[in-house]
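In what follows, a single structure is set out as structure tokens and then discussed.
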Amino acid sequence: MKVLVIGGGGREHAICWKLAQSPELTELYCAPGNPGIAEFADLVPLAADEIHQLADFASEIGIDLTVVGPELPLALGIVDEFKRRRLPIFGPTRKAAEIESSKVFSKQFMQEHGIPTARFTVAHDRAEAERAAAEYGFPVVLKADGLAAGKGVMIPIGERELHEALDLFFDERRFGASADRVVVEEYLEGQEVSFIVLSDGRHALPFAACRDYKRLGEMDDGPNTGGMGAHSPSGVLEKETAATILEEVIKPTIDGMAAEGRELRGVLYAGLILTEDGPKVLEYNARLGDPEAQALMLRLEDDLLPILASGAAGNFHLSRMQFKKEASACVVLASRGYPVKPVKGEAIEGLEAAAEVAGVTIFHAGTAAVDGEIVSAGGRVLNVCATGHTLREALRRAYGASQLIDWPSKILRRDIGRAVLDPSSGSGIWRVPADLRG
Ligand code: AMP
Ligand code: GLY
């Protein structure tokens with residue numbers, strides 16, 4: 001099969017890495033890709049949001065399956081365009097992707113279908129938002145309706161922060177039309193978990209449990225980012241809770257979307273809080289998480305290609321996915337200034353030595369090849385991933401390899417996995433063992 005993967009981050013590198021192992025693959029293309037992906041796919045110089053040109057390319061080459069990584073092309077209707085031209089693609093239509101691209105839609109959907117979530121109000125202006133915030137009390141959660149690259153959620157802890165947040169949404173219009181409507185919701189307390197499945201529109205194939213670390217700083221301090229690390233298993237999700245989430249959240253979501261004529265073919269990613277009253281949904285994504293995908297691809301036993309191809313056709317060829325017993329971990333190496341204005345263009349050293357550490361796989365994210373050298377070219381630059389017999393071993397390997405890679409503005413969180421491995425350690429960071437320090 002000829003396959004086209006859309007996107008160019010670490011998630012797409014991991015997807016390409018996995019697809020490249022399939023005996024059914026004949027040609028692999030990636031648009032726009034990155035230098036890591038170029039090792040086993042032909043890069044296509046088209047951006048992920050150039051949906052008409054991507055469809056032209058797929059039909060010229062005779063692509064048998066297109067796989068979409070990021071959310072933007074989905075929200076722009078890439079799947080609708082491909083379907084119109086009868087080009088096979090794995091992902092949700094624009095209407096189905098609204099489960100991610102409109103928080104107002106997803107909250108109303110959950111309410112209508114009895115899916116547990118936080119109480120909420122949709123505010124159209126400042127006064128409405130203030131009234132709703134007063135009803136729920138502090139901390140309160142404010143969410144821009146539309147896509148905001150992970151930055152549209154604010155959690156004011158008092159009046160002053162509330163007014164600052166409302167200034168950004170309604171007066172400064174920092175998020176433009178994405179914040180024409182703002183969801184105001186009650187703050188939920190509990191452990192946060194991700195639950196990710198593939199859907200063919202009717203059935204769910206759950207991934208192994210995983211956990212990501214969204215904040216920039218150690219001890220979950222600092223701004224939200226796309227994600228600074230991940231590991232699988234999650235260390236927090238019990239089997240019984242996973243079964244509850246599948247029955248009470250995932251299945252009703254897939255069925256409810258189908259009933260509304262928004263069949264969900266693609267990825268369904270539920271972000272949840274395990275509250276005292278059971279799991280409640282924070283948000284949905286209609287795509288794989290990044291860096292969750294990197295940790296999951298390392299553990300997936302099955303051939304990914306026939307799974308995605310049968311899902312795109314609306315009928316999975318198997319009833320569950322198998323995962324290796326090994327644990328996996330992913331440490332994100334980013335550049336100083338991320339997530340606001342990362343330093344770019346610095347030469348990266350040590351990639352080859354790091355790739356030789358036992359169990360380690362390196363996925364590229366924001367890198368570029370310049371005169372035969374790999375340089376930093378984005379906020380999140382590299383994903384140093386590893387497998388191991390235990391989570392501790394996977395993390396030790398990933399951190400060991402991370403120490404061998406260097407560029408002047410490299411930053412990383414040193415505590416990925418620490419909350420799970422050592423829950424009692426309220427302070428201090430999870431340190432790289434002395435024998436693995438670079
Ligand atoms: P979202 O994009 O909706 O996942 O929100 C981003 C982050 O804000 C989540 O990963 C949570 O850590 C936090 N968050 C969102 N909604 C709530 C809520 N109702 N209660 C507590 N934390 C929340
Ligand atoms: N790592 C979180 C996300 O991809 O949404």
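A note on labels: chains of the structure tokens are A, B, ... as shown, every chain counts residues from 1, and ligands are counted from 1 in their shown order.
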
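For Tyr284 (chain A), the set of protein, DNA and RNA residues having any atom at most 8 Å away, when counting only C-alpha atoms and skipping those fewer than 3 positions along the same chain, is Ile99, Glu100, Ser106, Leu268, Tyr269, Ala270, Gly271 and Val281 of chain A.
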
Go through the chains and note each residue within 8 Å of ligand 1, using only C-alpha atoms and all ligand atoms, then give the set as a PyMOL selection string. chain A and resi 103+117-118+140-143+150-155+185-189+192+214+224+271+273+282-284

Counting only C-alpha atoms, figure out which residue out of A:Glu349, A:Asp406, A:Glu326, A:Glu12 gets nearest to Arg299 (chain A).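 Among A:Glu349, A:Asp406, A:Glu326, A:Glu12, it is A:Glu326 that comes nearest to Arg299 (chain A).
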
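Taking only C-alpha atoms and all ligand atoms into account, ligand 2 lies nearest to A:Ala286 out of the set A:Leu46, A:Ile115, A:Ala286, A:Leu168.
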
Residues at most 7 Å from ligand 2, using only C-alpha atoms and all ligand atoms? Could they come as a list in words?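 Protein and nucleic-acid residues within 7 Å of ligand 2: Asp212, Lys214, Gly226, Gly227, Asn285, Leu288, Gly289, Asp290, Pro291 and Glu292 of chain A.
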
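Of the listed residues A:Gly379, A:Pro233, A:Gly222, A:Pro116, the one whose atoms come nearest to Lys341 (chain A) is A:Gly379, with distances taken using only C-alpha atoms.
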
Got a sec: who's within 7 Å of Ile89 (chain A), counting only C-alpha atoms, leaving out chain neighbours fewer than 3 positions off, as a ChimeraX atom specification? /A:65-67,79,82,312

Generate a file of the selected residues that holds C-alpha atoms, formatted as a CSV table (one decimal), in the first residue's frame.
```csv
chain,number,residue,atom,x,y,z
A,65,LEU,CA,-4.4,5.5,2.6
A,66,THR,CA,-3.9,8.9,4.1
A,67,VAL,CA,-3.4,9.3,7.8
A,79,VAL,CA,-11.4,14.3,5.3
A,82,PHE,CA,-10.6,13.4,0.3
A,312,ALA,CA,-11.0,4.1,7.3
```

How far is it from CA of Ser409 (chain A) to CA of Gly337 (chain A), in Å with one decimal? 8.5 Å

Give me the residues near Glu128 (chain A) as an MDAnalysis selection string, where near means some atom within 12 Å (using only C-alpha atoms) and where sequence neighbours in that chain fewer than 4 positions away do not count. chainID A and resid 121:124 132:135 166 170 181:184

For the selection you just gave me, I'd like the residues written to a file as a CSV table (one decimal), in the first residue's frame, keeping C-alpha atoms.
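Saved as again_21.csv:
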```
chain,number,residue,atom,x,y,z
A,121,THR,CA,-22.3,27.8,31.1
A,122,VAL,CA,-21.7,29.2,27.6
A,123,ALA,CA,-20.9,32.9,27.9
A,124,HIS,CA,-21.2,35.3,25.0
A,132,ALA,CA,-21.3,32.1,35.7
A,133,ALA,CA,-17.9,32.4,37.5
A,134,ALA,CA,-19.7,33.7,40.6
A,135,GLU,CA,-22.0,30.7,40.5
A,166,LEU,CA,-11.8,38.1,30.7
A,170,PHE,CA,-13.3,39.7,25.4
A,181,ARG,CA,-18.1,32.1,23.0
A,182,VAL,CA,-16.4,31.1,26.2
A,183,VAL,CA,-17.2,28.0,28.2
A,184,VAL,CA,-17.2,28.7,31.9
```

Restricting the calculation to only C-alpha atoms, which member of A:Gln322, A:Ser59, A:Thr390, A:Asn315 is positioned closest to Glu81 (chain A)? A:Ser59
